[in-house]
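Asker: Provided below: start-v6.pdb, containing PDB, C-alpha atoms, pLDDT in the B column.
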ATOM      1  CA  MET A1043     146.092 109.853  64.703  1.00 43.00           C
ATOM      2  CA  THR A1044     148.578 110.338  67.527  1.00 50.00           C
ATOM      3  CA  THR A1045     148.281 108.614  70.855  1.00 49.00           C
ATOM      4  CA  SER A1046     147.468 111.923  72.553  1.00 69.00           C
ATOM      5  CA  SER A1047     144.618 112.754  70.179  1.00 80.00           C
ATOM      6  CA  SER A1048     143.337 109.186  70.471  1.00 85.00           C
ATOM      7  CA  ILE A1049     143.109 109.483  74.254  1.00 90.00           C
ATOM      8  CA  ILE A1050     141.417 112.881  73.976  1.00 91.00           C
ATOM      9  CA  GLY A1051     138.829 111.367  71.651  1.00 89.00           C
ATOM     10  CA  GLN A1052     138.160 108.506  74.065  1.00 91.00           C
ATOM     11  CA  ILE A1053     137.823 110.846  77.041  1.00 93.00           C
ATOM     12  CA  ALA A1054     135.462 113.112  75.115  1.00 91.00           C
ATOM     13  CA  GLN A1055     132.984 110.194  74.796  1.00 89.00           C
ATOM     14  CA  VAL A1056     132.746 109.734  78.576  1.00 92.00           C
ATOM     15  CA  SER A1057     129.634 111.302  80.114  1.00 89.00           C
ATOM     16  CA  LEU A1058     131.638 112.964  82.888  1.00 93.00           C
ATOM     17  CA  PHE A1059     133.619 115.104  80.434  1.00 94.00           C
ATOM     18  CA  GLN A1060     131.070 116.018  77.778  1.00 89.00           C
ATOM     19  CA  GLU A1061     130.771 119.643  78.913  1.00 91.00           C
ATOM     20  CA  LEU A1062     134.511 120.283  78.629  1.00 92.00           C
ATOM     21  CA  GLY A1063     136.239 122.052  75.747  1.00 92.00           C
ATOM     22  CA  PRO A1064     139.234 120.800  73.699  1.00 91.00           C
ATOM     23  CA  ALA A1065     141.842 122.530  75.880  1.00 91.00           C
ATOM     24  CA  GLU A1066     140.362 121.075  79.077  1.00 93.00           C
ATOM     25  CA  LEU A1067     140.175 117.598  77.552  1.00 93.00           C
ATOM     26  CA  GLU A1068     143.814 117.853  76.547  1.00 92.00           C
ATOM     27  CA  ASP A1069     144.776 118.789  80.104  1.00 91.00           C
ATOM     28  CA  ILE A1070     142.915 115.747  81.417  1.00 93.00           C
ATOM     29  CA  ALA A1071     144.398 113.392  78.805  1.00 92.00           C
ATOM     30  CA  VAL A1072     147.939 113.970  80.045  1.00 92.00           C
ATOM     31  CA  LEU A1073     146.939 112.794  83.534  1.00 93.00           C
ATOM     32  CA  CYS A1074     146.091 109.217  82.554  1.00 94.00           C
ATOM     33  CA  ILE A1075     148.007 106.176  81.375  1.00 94.00           C
ATOM     34  CA  LYS A1076     146.854 103.285  79.195  1.00 94.00           C
ATOM     35  CA  LYS A1077     146.794  99.743  80.514  1.00 96.00           C
ATOM     36  CA  LYS A1078     145.759  96.486  78.855  1.00 97.00           C
ATOM     37  CA  TYR A1079     144.387  93.358  80.502  1.00 97.00           C
ATOM     38  CA  ALA A1080     144.116  89.858  79.092  1.00 97.00           C
ATOM     39  CA  PRO A1081     140.658  88.263  78.740  1.00 95.00           C
ATOM     40  CA  GLN A1082     139.092  87.262  82.085  1.00 93.00           C
ATOM     41  CA  SER A1083     142.010  88.694  84.076  1.00 96.00           C
ATOM     42  CA  SER A1084     141.557  90.740  87.261  1.00 95.00           C
ATOM     43  CA  ILE A1085     141.643  94.537  86.965  1.00 96.00           C
ATOM     44  CA  ILE A1086     140.841  95.476  90.554  1.00 94.00           C
ATOM     45  CA  MET A1087     140.087  93.337  93.620  1.00 91.00           C
ATOM     46  CA  THR A1088     138.341  94.166  96.870  1.00 87.00           C
ATOM     47  CA  ASP A1089     141.583  93.766  98.822  1.00 84.00           C
ATOM     48  CA  ASP A1090     143.581  96.133  96.578  1.00 82.00           C
ATOM     49  CA  GLU A1091     145.248  99.020  98.389  1.00 84.00           C
ATOM     50  CA  GLU A1092     145.479 101.332  95.373  1.00 88.00           C
ATOM     51  CA  HIS A1093     142.639 103.819  94.664  1.00 94.00           C
ATOM     52  CA  SER A1094     142.877 104.658  90.980  1.00 96.00           C
ATOM     53  CA  PHE A1095     139.992 105.679  88.703  1.00 96.00           C
ATOM     54  CA  TYR A1096     139.442 103.752  85.437  1.00 97.00           C
ATOM     55  CA  ILE A1097     137.801 104.509  82.098  1.00 96.00           C
ATOM     56  CA  ILE A1098     137.172 101.676  79.637  1.00 96.00           C
ATOM     57  CA  SER A1099     138.487 102.479  76.162  1.00 94.00           C
ATOM     58  CA  GLU A1100     138.258  99.000  74.580  1.00 95.00           C
ATOM     59  CA  GLY A1101     136.546  95.755  75.556  1.00 94.00           C
ATOM     60  CA  ASN A1102     134.035  94.961  78.296  1.00 92.00           C
ATOM     61  CA  VAL A1103     134.420  94.327  82.022  1.00 94.00           C
ATOM     62  CA  ILE A1104     132.382  92.545  84.674  1.00 92.00           C
ATOM     63  CA  VAL A1105     131.776  94.009  88.136  1.00 92.00           C
ATOM     64  CA  LYS A1106     131.046  91.317  90.693  1.00 89.00           C
ATOM     65  CA  ALA A1107     131.007  90.612  94.409  1.00 85.00           C
ATOM     66  CA  ILE A1108     130.414  87.766  96.843  1.00 79.00           C
ATOM     67  CA  ASP A1109     127.079  88.004  98.662  1.00 72.00           C
ATOM     68  CA  PRO A1110     126.500  86.953 102.324  1.00 68.00           C
ATOM     69  CA  THR A1111     125.686  83.397 101.185  1.00 72.00           C
ATOM     70  CA  LEU A1112     129.124  83.217  99.496  1.00 71.00           C
ATOM     71  CA  ARG A1113     127.603  83.191  96.014  1.00 76.00           C
ATOM     72  CA  GLU A1114     129.154  85.246  93.249  1.00 79.00           C
ATOM     73  CA  LYS A1115     126.822  88.034  92.132  1.00 81.00           C
ATOM     74  CA  VAL A1116     127.296  90.104  88.982  1.00 83.00           C
ATOM     75  CA  LEU A1117     126.613  93.770  89.713  1.00 84.00           C
ATOM     76  CA  ALA A1118     127.207  95.239  86.250  1.00 84.00           C
ATOM     77  CA  TYR A1119     128.603  94.748  82.782  1.00 86.00           C
ATOM     78  CA  LEU A1120     130.537  97.800  81.595  1.00 91.00           C
ATOM     79  CA  GLU A1121     131.605  98.745  78.071  1.00 90.00           C
ATOM     80  CA  PRO A1122     133.747 101.409  76.350  1.00 92.00           C
ATOM     81  CA  GLY A1123     132.967 104.862  77.706  1.00 91.00           C
ATOM     82  CA  ASP A1124     131.942 103.506  81.114  1.00 92.00           C
ATOM     83  CA  PHE A1125     134.102 104.007  84.195  1.00 94.00           C
ATOM     84  CA  PHE A1126     134.693 102.440  87.601  1.00 95.00           C
ATOM     85  CA  GLY A1127     136.726 102.887  90.781  1.00 94.00           C
ATOM     86  CA  GLU A1128     135.386 106.370  91.543  1.00 94.00           C
ATOM     87  CA  MET A1129     134.184 105.572  95.086  1.00 93.00           C
ATOM     88  CA  SER A1130     137.524 104.312  96.344  1.00 94.00           C
ATOM     89  CA  ALA A1131     139.346 107.109  94.524  1.00 95.00           C
ATOM     90  CA  ILE A1132     137.262 109.669  96.422  1.00 95.00           C
ATOM     91  CA  ASP A1133     137.105 108.232  99.946  1.00 93.00           C
ATOM     92  CA  SER A1134     140.237 105.987  99.996  1.00 92.00           C
ATOM     93  CA  GLU A1135     138.145 103.137 101.420  1.00 91.00           C
ATOM     94  CA  PRO A1136     138.611  99.514 100.241  1.00 89.00           C
ATOM     95  CA  ARG A1137     137.127  98.498  96.913  1.00 90.00           C
ATOM     96  CA  SER A1138     133.461  97.468  97.143  1.00 86.00           C
ATOM     97  CA  ALA A1139     133.647  94.915  94.289  1.00 90.00           C
ATOM     98  CA  ASP A1140     135.972  93.020  91.993  1.00 93.00           C
ATOM     99  CA  VAL A1141     136.325  94.045  88.341  1.00 95.00           C
ATOM    100  CA  VAL A1142     137.536  91.534  85.753  1.00 95.00           C
ATOM    101  CA  ALA A1143     138.019  91.664  81.994  1.00 95.00           C
ATOM    102  CA  GLY A1144     135.386  90.043  79.799  1.00 91.00           C
ATOM    103  CA  ASN A1145     136.074  87.508  77.072  1.00 89.00           C
ATOM    104  CA  ASP A1146     138.251  89.912  75.056  1.00 92.00           C
ATOM    105  CA  GLU A1147     141.299  92.003  75.839  1.00 96.00           C
ATOM    106  CA  VAL A1148     140.460  95.179  77.747  1.00 96.00           C
ATOM    107  CA  GLU A1149     142.161  98.554  77.492  1.00 96.00           C
ATOM    108  CA  VAL A1150     141.598 101.166  80.182  1.00 97.00           C
ATOM    109  CA  LEU A1151     142.697 104.706  80.914  1.00 96.00           C
ATOM    110  CA  VAL A1152     143.925 104.928  84.501  1.00 97.00           C
ATOM    111  CA  PHE A1153     144.000 108.064  86.667  1.00 97.00           C
ATOM    112  CA  HIS A1154     145.972 107.858  89.894  1.00 96.00           C
ATOM    113  CA  GLN A1155     143.989 108.983  92.915  1.00 96.00           C
ATOM    114  CA  LYS A1156     145.723 112.326  93.436  1.00 96.00           C
ATOM    115  CA  ASP A1157     145.271 113.235  89.756  1.00 96.00           C
ATOM    116  CA  PHE A1158     141.600 112.258  89.797  1.00 96.00           C
ATOM    117  CA  LEU A1159     140.911 114.337  92.917  1.00 96.00           C
ATOM    118  CA  GLN A1160     142.737 117.289  91.388  1.00 94.00           C
ATOM    119  CA  LEU A1161     140.638 116.863  88.251  1.00 94.00           C
ATOM    120  CA  LEU A1162     137.424 117.100  90.293  1.00 94.00           C
ATOM    121  CA  GLN A1163     138.641 120.237  92.034  1.00 94.00           C
ATOM    122  CA  ASN A1164     139.659 121.942  88.795  1.00 93.00           C
ATOM    123  CA  HIS A1165     136.522 121.069  86.807  1.00 94.00           C
ATOM    124  CA  PRO A1166     133.225 121.647  88.676  1.00 94.00           C
ATOM    125  CA  SER A1167     131.179 120.298  85.748  1.00 94.00           C
ATOM    126  CA  VAL A1168     132.931 116.927  86.118  1.00 94.00           C
ATOM    127  CA  HIS A1169     132.220 116.947  89.850  1.00 93.00           C
ATOM    128  CA  LEU A1170     128.519 117.630  89.174  1.00 94.00           C
ATOM    129  CA  ALA A1171     128.327 114.954  86.479  1.00 92.00           C
ATOM    130  CA  LEU A1172     129.873 112.432  88.879  1.00 93.00           C
ATOM    131  CA  SER A1173     127.301 113.364  91.542  1.00 93.00           C
ATOM    132  CA  ARG A1174     124.529 112.706  89.025  1.00 90.00           C
ATOM    133  CA  GLU A1175     126.105 109.338  88.244  1.00 88.00           C
ATOM    134  CA  PHE A1176     126.131 108.432  91.950  1.00 88.00           C
ATOM    135  CA  CYS A1177     122.414 109.271  92.087  1.00 87.00           C
ATOM    136  CA  ARG A1178     121.713 107.148  89.005  1.00 82.00           C
ATOM    137  CA  LYS A1179     123.554 104.146  90.441  1.00 80.00           C
ATOM    138  CA  LEU A1180     121.729 104.512  93.750  1.00 81.00           C
ATOM    139  CA  ARG A1181     118.390 104.472  91.926  1.00 77.00           C
ATOM    140  CA  VAL A1182     119.437 101.307  90.087  1.00 72.00           C
ATOM    141  CA  ILE A1183     120.364  99.665  93.402  1.00 74.00           C
ATOM    142  CA  ASN A1184     116.993 100.674  94.884  1.00 74.00           C
ATOM    143  CA  HIS A1185     115.144  99.154  91.928  1.00 69.00           C
ATOM    144  CA  ARG A1186     117.150  95.935  92.228  1.00 68.00           C
ATOM    145  CA  LEU A1187     116.347  95.718  95.930  1.00 67.00           C
ATOM    146  CA  SER A1188     112.661  96.250  95.163  1.00 65.00           C
ATOM    147  CA  SER A1189     112.849  93.341  92.707  1.00 66.00           C
ATOM    148  CA  VAL A1190     113.816  90.818  95.412  1.00 65.00           C
ATOM    149  CA  SER A1191     110.189  90.263  96.458  1.00 66.00           C
ATOM    150  CA  LEU A1192     108.944  89.810  92.884  1.00 78.00           C
ATOM    151  CA  PRO A1193     108.008  86.389  91.466  1.00 82.00           C
ATOM    152  CA  ALA A1194     110.943  84.767  89.665  1.00 82.00           C
ATOM    153  CA  SER A1195     109.779  85.503  86.109  1.00 86.00           C
ATOM    154  CA  ALA A1196     108.974  89.125  86.959  1.00 88.00           C
ATOM    155  CA  ARG A1197     112.377  89.507  88.626  1.00 87.00           C
ATOM    156  CA  VAL A1198     114.103  88.336  85.449  1.00 90.00           C
ATOM    157  CA  ALA A1199     111.965  90.708  83.368  1.00 91.00           C
ATOM    158  CA  ARG A1200     112.824  93.630  85.669  1.00 89.00           C
ATOM    159  CA  THR A1201     116.505  92.765  85.255  1.00 89.00           C
ATOM    160  CA  LEU A1202     116.122  92.973  81.471  1.00 92.00           C
ATOM    161  CA  ILE A1203     114.670  96.463  81.811  1.00 89.00           C
ATOM    162  CA  ILE A1204     117.531  97.541  84.069  1.00 85.00           C
ATOM    163  CA  ILE A1205     120.079  96.219  81.561  1.00 86.00           C
ATOM    164  CA  ALA A1206     118.199  97.935  78.736  1.00 87.00           C
ATOM    165  CA  ASN A1207     118.224 101.261  80.565  1.00 84.00           C
ATOM    166  CA  GLU A1208     121.930 101.013  81.315  1.00 80.00           C
ATOM    167  CA  HIS A1209     123.263  99.527  78.064  1.00 82.00           C
ATOM    168  CA  GLY A1210     120.387  99.067  75.626  1.00 86.00           C
ATOM    169  CA  LYS A1211     120.396 100.611  72.150  1.00 89.00           C
ATOM    170  CA  MET A1212     117.214 101.980  70.632  1.00 91.00           C
ATOM    171  CA  THR A1213     116.395 100.578  67.189  1.00 92.00           C
ATOM    172  CA  LYS A1214     113.336 100.744  64.933  1.00 91.00           C
ATOM    173  CA  GLU A1215     112.193  97.435  66.389  1.00 91.00           C
ATOM    174  CA  GLY A1216     112.721  98.356  70.038  1.00 91.00           C
ATOM    175  CA  LEU A1217     115.411  98.253  72.741  1.00 92.00           C
ATOM    176  CA  LEU A1218     118.331  95.959  71.898  1.00 93.00           C
ATOM    177  CA  LEU A1219     120.252  94.545  74.852  1.00 92.00           C
ATOM    178  CA  PRO A1220     123.961  93.664  74.823  1.00 86.00           C
ATOM    179  CA  LYS A1221     124.804  90.016  74.211  1.00 84.00           C
ATOM    180  CA  LEU A1222     124.554  88.192  77.550  1.00 85.00           C
ATOM    181  CA  THR A1223     124.116  84.523  78.388  1.00 84.00           C
ATOM    182  CA  GLN A1224     121.275  83.206  80.522  1.00 86.00           C
ATOM    183  CA  THR A1225     123.811  82.393  83.223  1.00 84.00           C
ATOM    184  CA  GLU A1226     125.040  85.997  83.258  1.00 83.00           C
ATOM    185  CA  ILE A1227     121.491  87.358  83.436  1.00 87.00           C
ATOM    186  CA  GLY A1228     120.810  84.877  86.227  1.00 85.00           C
ATOM    187  CA  LYS A1229     123.689  86.259  88.254  1.00 79.00           C
ATOM    188  CA  ILE A1230     122.380  89.800  87.852  1.00 81.00           C
ATOM    189  CA  SER A1231     118.791  88.845  88.741  1.00 81.00           C
ATOM    190  CA  ASP A1232     119.875  86.429  91.485  1.00 77.00           C
ATOM    191  CA  SER A1233     118.054  83.608  89.692  1.00 82.00           C
ATOM    192  CA  PRO A1234     119.210  80.109  88.663  1.00 83.00           C
ATOM    193  CA  ARG A1235     119.686  79.532  84.941  1.00 85.00           C
ATOM    194  CA  GLU A1236     116.640  77.247  84.803  1.00 89.00           C
ATOM    195  CA  THR A1237     114.458  80.079  86.134  1.00 89.00           C
ATOM    196  CA  VAL A1238     115.843  82.474  83.527  1.00 91.00           C
ATOM    197  CA  ASN A1239     115.139  79.936  80.795  1.00 91.00           C
ATOM    198  CA  ARG A1240     111.508  79.517  81.927  1.00 91.00           C
ATOM    199  CA  ALA A1241     111.034  83.277  82.182  1.00 92.00           C
ATOM    200  CA  PHE A1242     112.432  83.765  78.676  1.00 93.00           C
ATOM    201  CA  SER A1243     110.028  81.166  77.275  1.00 93.00           C
ATOM    202  CA  GLU A1244     107.088  82.915  78.910  1.00 92.00           C
ATOM    203  CA  LEU A1245     108.221  86.351  77.722  1.00 93.00           C
ATOM    204  CA  ARG A1246     108.798  85.118  74.171  1.00 92.00           C
ATOM    205  CA  GLU A1247     105.367  83.466  74.009  1.00 93.00           C
ATOM    206  CA  SER A1248     103.820  86.751  75.179  1.00 92.00           C
ATOM    207  CA  GLY A1249     105.712  88.691  72.507  1.00 94.00           C
ATOM    208  CA  LEU A1250     107.486  90.784  75.127  1.00 94.00           C
ATOM    209  CA  ILE A1251     111.013  89.809  74.062  1.00 94.00           C
ATOM    210  CA  ILE A1252     112.503  88.613  70.799  1.00 93.00           C
ATOM    211  CA  HIS A1253     115.780  86.753  70.334  1.00 91.00           C
ATOM    212  CA  THR A1254     117.740  88.064  67.351  1.00 90.00           C
ATOM    213  CA  GLU A1255     119.921  86.087  64.941  1.00 85.00           C
ATOM    214  CA  LEU A1256     122.969  87.340  66.857  1.00 83.00           C
ATOM    215  CA  LYS A1257     121.534  85.873  70.100  1.00 84.00           C
ATOM    216  CA  GLN A1258     120.699  89.258  71.573  1.00 90.00           C
ATOM    217  CA  ILE A1259     117.451  90.174  73.284  1.00 93.00           C
ATOM    218  CA  LEU A1260     115.131  92.775  71.776  1.00 94.00           C
ATOM    219  CA  ILE A1261     112.396  94.404  73.865  1.00 95.00           C
ATOM    220  CA  PRO A1262     109.737  95.676  71.403  1.00 94.00           C
ATOM    221  CA  SER A1263     107.954  97.748  74.061  1.00 94.00           C
ATOM    222  CA  LYS A1264     109.425  98.545  77.460  1.00 92.00           C
ATOM    223  CA  GLU A1265     106.040  99.892  78.573  1.00 93.00           C
ATOM    224  CA  LYS A1266     104.295  96.581  77.816  1.00 94.00           C
ATOM    225  CA  LEU A1267     107.028  94.672  79.632  1.00 93.00           C
ATOM    226  CA  GLU A1268     106.637  96.923  82.683  1.00 90.00           C
ATOM    227  CA  GLY A1269     102.894  96.340  82.564  1.00 91.00           C
ATOM    228  CA  TRP A1270     103.468  92.584  82.439  1.00 91.00           C
ATOM    229  CA  ILE A1271     105.706  92.832  85.507  1.00 88.00           C
ATOM    230  CA  SER A1272     102.951  94.772  87.279  1.00 85.00           C
ATOM    231  CA  THR A1273     100.371  92.068  86.619  1.00 85.00           C
ATOM    232  CA  ARG A1274     102.745  89.403  87.945  1.00 80.00           C
ATOM    233  CA  SER A1275     103.599  91.354  91.098  1.00 72.00           C
ATOM    234  CA  ASN A1276     100.094  92.740  91.787  1.00 64.00           C
ATOM    235  CA  ALA A1277     101.664  96.166  92.239  1.00 47.00           C
ATOM    236  CA  PRO A1278     101.592  99.404  90.251  1.00 45.00           C
ATOM    237  CA  SER A1279     104.108  99.528  87.402  1.00 43.00           C
ATOM    238  CA  VAL A1280     107.168 101.548  88.373  1.00 44.00           C
ATOM    239  CA  PRO A1281     109.365 102.696  85.453  1.00 47.00           C
ATOM    240  CA  VAL A1282     112.981 101.752  86.134  1.00 45.00           C
ATOM    241  CA  SER A1283     114.446 104.751  84.309  1.00 46.00           C
ATOM    242  CA  GLY A1284     113.399 107.391  86.837  1.00 45.00           C
TER     243      GLY A1284
END
Please go through the file and, once you have read it, give me the structure as structure tokens.
Answerer:
Amino acid sequence: MTTSSSIIGQIAQVSLFQELGPAELEDIAVLCIKKKYAPQSSIIMTDDEEHSFYIISEGNVIVKAIDPTLREKVLAYLEPGDFFGEMSAIDSEPRSADVVAGNDEVEVLVFHQKDFLQLLQNHPSVHLALSREFCRKLRVINHRLSSVSLPASARVARTLIIIANEHGKMTKEGLLLPKLTQTEIGKISDSPRETVNRAFSELRESGLIIHTELKQILIPSKEKLEGWISTRSNAPSVPVSG
């Protein structure tokens, strides 16, 4: 497989471009360049002056920021097929978060700002798909904000549902989450590791989560977990996927 066809194949898996035909994908592929980053190295920082758009082709990245109390907060874990940097590429404003490579080498496809903007102008379906993605991310942020007032264990459980909706894989046994440590889940849920550990024990005893042999979390029934959150928060259950 040639490099060009490899890039086309990677781009075709990205949600933004799934309505495009082979010729359009080929036109887009020539606009990007490949870059590799060592494990745990910085990809973009909030003080960067460049405004490129990135697609992950290999490896995983962590999106994080410093909150008003100067604590590091993990905003998202992204994997191949995901993308980042679209806000700054569109409005030329400073980056809103740092993005660093995970524990393995990361390869990304990089579109310079002018090429990305031209791409949006030339392909209305990509522009619409990006608008839908903005809406999805805004809904996720709203759900995370609504979780702040929840009891600690319910807040951790809500975080698991958010992760499942974003990156979970459906299996015969239920929703399988990506492999994350308790510390990483704590940073997403804004909870100390000890709180996450207690919440996990409670959820396991209730049969709401299962730890697999590969140290991943399995949610047998998202509906039952949402109901459990509702009983802990004394509020109606609100599905996180909507």
Asker: Step by step, gather every atom of range 1128-1142 of chain A that the file lists, find the box along x, y and z that holds them, add 6 Å on each side, and finally give centre and edge lengths in Å to one decimal, as lines of an AutoDock Vina configuration file.
Answerer:
center_x = 136.8
center_y = 100.6
center_z = 93.6
size_x = 18.8
size_y = 30.1
size_z = 27.7
Asker: Please indicate the distance in Å from CA of Ala1143 in chain A to CA of Asp1109 in chain A, rounded to one decimal place.
Answerer: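 Calculated distance between CA of Ala1143 in chain A and CA of Asp1109 in chain A is 20.3 Å.
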Asker: Need to verify the contact set: Ser1167 in chain A, 9 Å, all atoms listed in the file, exclusion of same-chain residues closer than 2 positions in sequence. Can you return it as number ranges by chain?
Answerer: A: 1058-1059, 1061-1062, 1162, 1165, 1169-1172
Asker: Any chance you could resolve the PyMOL selection byres ((chain A and resi 1204) around 12) against this file and give the residues as a ChimeraX atom specification?
Answerer: /A:1117-1119,1178-1179,1181-1186,1189,1197-1203,1205-1210,1217,1219-1220,1227,1230-1231,1261,1264,1267-1268,1280-1284
Asker: Quick one: residues within 12 Å of Glu1066 in chain A, only C-alpha atoms, excluding same-chain residues fewer than 5 positions away - as a list of chain:residue names?
Answerer: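 Counting only C-alpha atoms, the residues come to A:Ile1050, A:Ile1053, A:Ala1054, A:Phe1059, A:Gln1060, A:Glu1061, A:Ala1071, A:Val1072, A:Leu1073, A:Leu1161, A:Asn1164, A:His1165, A:Pro1166, A:Ser1167, A:Val1168.
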Asker: Would you translate the PyMOL selection byres ((chain A and resi 1148) around 9) into the concrete set of residues it matches in this file, as a ChimeraX atom specification?
Answerer: /A:1077-1081,1098-1103,1143-1147,1149-1150
Asker: Would you save the residues of that selection, restricted to C-alpha atoms, as a PDB file, keeping the file's coordinate frame?
Answerer:
ATOM      1  CA  LYS A1077     146.794  99.743  80.514  1.00 96.00           C
ATOM      2  CA  LYS A1078     145.759  96.486  78.855  1.00 97.00           C
ATOM      3  CA  TYR A1079     144.387  93.358  80.502  1.00 97.00           C
ATOM      4  CA  ALA A1080     144.116  89.858  79.092  1.00 97.00           C
ATOM      5  CA  PRO A1081     140.658  88.263  78.740  1.00 95.00           C
ATOM      6  CA  ILE A1098     137.172 101.676  79.637  1.00 96.00           C
ATOM      7  CA  SER A1099     138.487 102.479  76.162  1.00 94.00           C
ATOM      8  CA  GLU A1100     138.258  99.000  74.580  1.00 95.00           C
ATOM      9  CA  GLY A1101     136.546  95.755  75.556  1.00 94.00           C
ATOM     10  CA  ASN A1102     134.035  94.961  78.296  1.00 92.00           C
ATOM     11  CA  VAL A1103     134.420  94.327  82.022  1.00 94.00           C
ATOM     12  CA  ALA A1143     138.019  91.664  81.994  1.00 95.00           C
ATOM     13  CA  GLY A1144     135.386  90.043  79.799  1.00 91.00           C
ATOM     14  CA  ASN A1145     136.074  87.508  77.072  1.00 89.00           C
ATOM     15  CA  ASP A1146     138.251  89.912  75.056  1.00 92.00           C
ATOM     16  CA  GLU A1147     141.299  92.003  75.839  1.00 96.00           C
ATOM     17  CA  GLU A1149     142.161  98.554  77.492  1.00 96.00           C
ATOM     18  CA  VAL A1150     141.598 101.166  80.182  1.00 97.00           C
TER      19      VAL A1150
END
Asker: Could you tell me how far CA of Pro1064 in chain A lies from CA of Leu1151 in chain A, in Å and to one decimal?
Answerer: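 Computed distance, CA of Pro1064 in chain A to CA of Leu1151 in chain A, equals 18.0 Å.
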Asker: Can you give me, as a ChimeraX atom specification, the residues this file yields under the PyMOL selection byres ((chain A and resi 1152) around 7)?
Answerer: /A:1074-1076,1094-1097,1150-1151,1153-1154
Asker: If you measure from CA of Thr1273 in chain A to CA of Ile1251 in chain A, what distance in Å do you get, rounded to one decimal?
Answerer: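 Atom-to-atom, CA of Thr1273 in chain A and CA of Ile1251 in chain A are spaced 16.6 Å apart.
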Asker: Within 12 Å of Ile1108 in chain A, counting all atoms listed in the file, which residues qualify if same-chain residues fewer than 6 places away don't, as a list in words?
Answerer: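 The residues that qualify are Met1087, Thr1088, Glu1114, Lys1115, Val1116, Leu1117, Ser1138, Ala1139, Asp1140, Lys1229 and Asp1232 of chain A.
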Asker: Give me the residues within 9 Å of Gln1155 in chain A as a PDB file with C-alpha atoms, keeping the file's coordinate frame, counting all atoms listed in the file and dropping any in the same chain fewer than 5 places off.
Answerer:
ATOM      1  CA  GLU A1092     145.479 101.332  95.373  1.00 88.00           C
ATOM      2  CA  HIS A1093     142.639 103.819  94.664  1.00 94.00           C
ATOM      3  CA  SER A1094     142.877 104.658  90.980  1.00 96.00           C
ATOM      4  CA  PHE A1095     139.992 105.679  88.703  1.00 96.00           C
ATOM      5  CA  SER A1130     137.524 104.312  96.344  1.00 94.00           C
ATOM      6  CA  ALA A1131     139.346 107.109  94.524  1.00 95.00           C
ATOM      7  CA  ILE A1132     137.262 109.669  96.422  1.00 95.00           C
ATOM      8  CA  SER A1134     140.237 105.987  99.996  1.00 92.00           C
ATOM      9  CA  GLN A1160     142.737 117.289  91.388  1.00 94.00           C
TER      10      GLN A1160
END
Asker: Which is closer to Leu1120 in chain A than all the others in A:Ser1083, A:Ile1104, A:Asp1133, A:Arg1246, using only C-alpha atoms?
Answerer: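 Smallest distance to Leu1120 in chain A is found for A:Ile1104.
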Asker: Counting only C-alpha atoms, which of A:Asp1157, A:Glu1135, A:Glu1226, A:Glu1255 gets nearest to Asp1089 in chain A?
Answerer: A:Glu1135
Asker: Point out the residue among A:Ile1070, A:Lys1266, A:Gly1216, A:Arg1274 with the least atom-to-atom distance to Thr1254 in chain A, counting all atoms listed in the file.
Answerer: A:Gly1216
Asker: Go through A:Val1141, A:Ala1194, A:Leu1260, A:Leu1250 and flag the residue nearest Gly1228 in chain A, using only C-alpha atoms for the distances.
Answerer: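 Once distances to Gly1228 in chain A are computed over only C-alpha atoms, the minimum belongs to A:Ala1194.
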Asker: Which residue out of A:Gln1055, A:Ser1263, A:Ser1275, A:Ser1084 has the minimum interatomic distance to Pro1193 in chain A when only C-alpha atoms are used?
Answerer: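 For Pro1193 in chain A, the nearest of the given residues is A:Ser1275.
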Asker: May I ask which of the residues A:Lys1211, A:Lys1106, A:Arg1113, A:Lys1221 is the closest one to Ser1233 in chain A, counting all atoms listed in the file?
Answerer: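 Between A:Lys1211, A:Lys1106, A:Arg1113, A:Lys1221, the residue approaching Ser1233 in chain A most closely is A:Arg1113.
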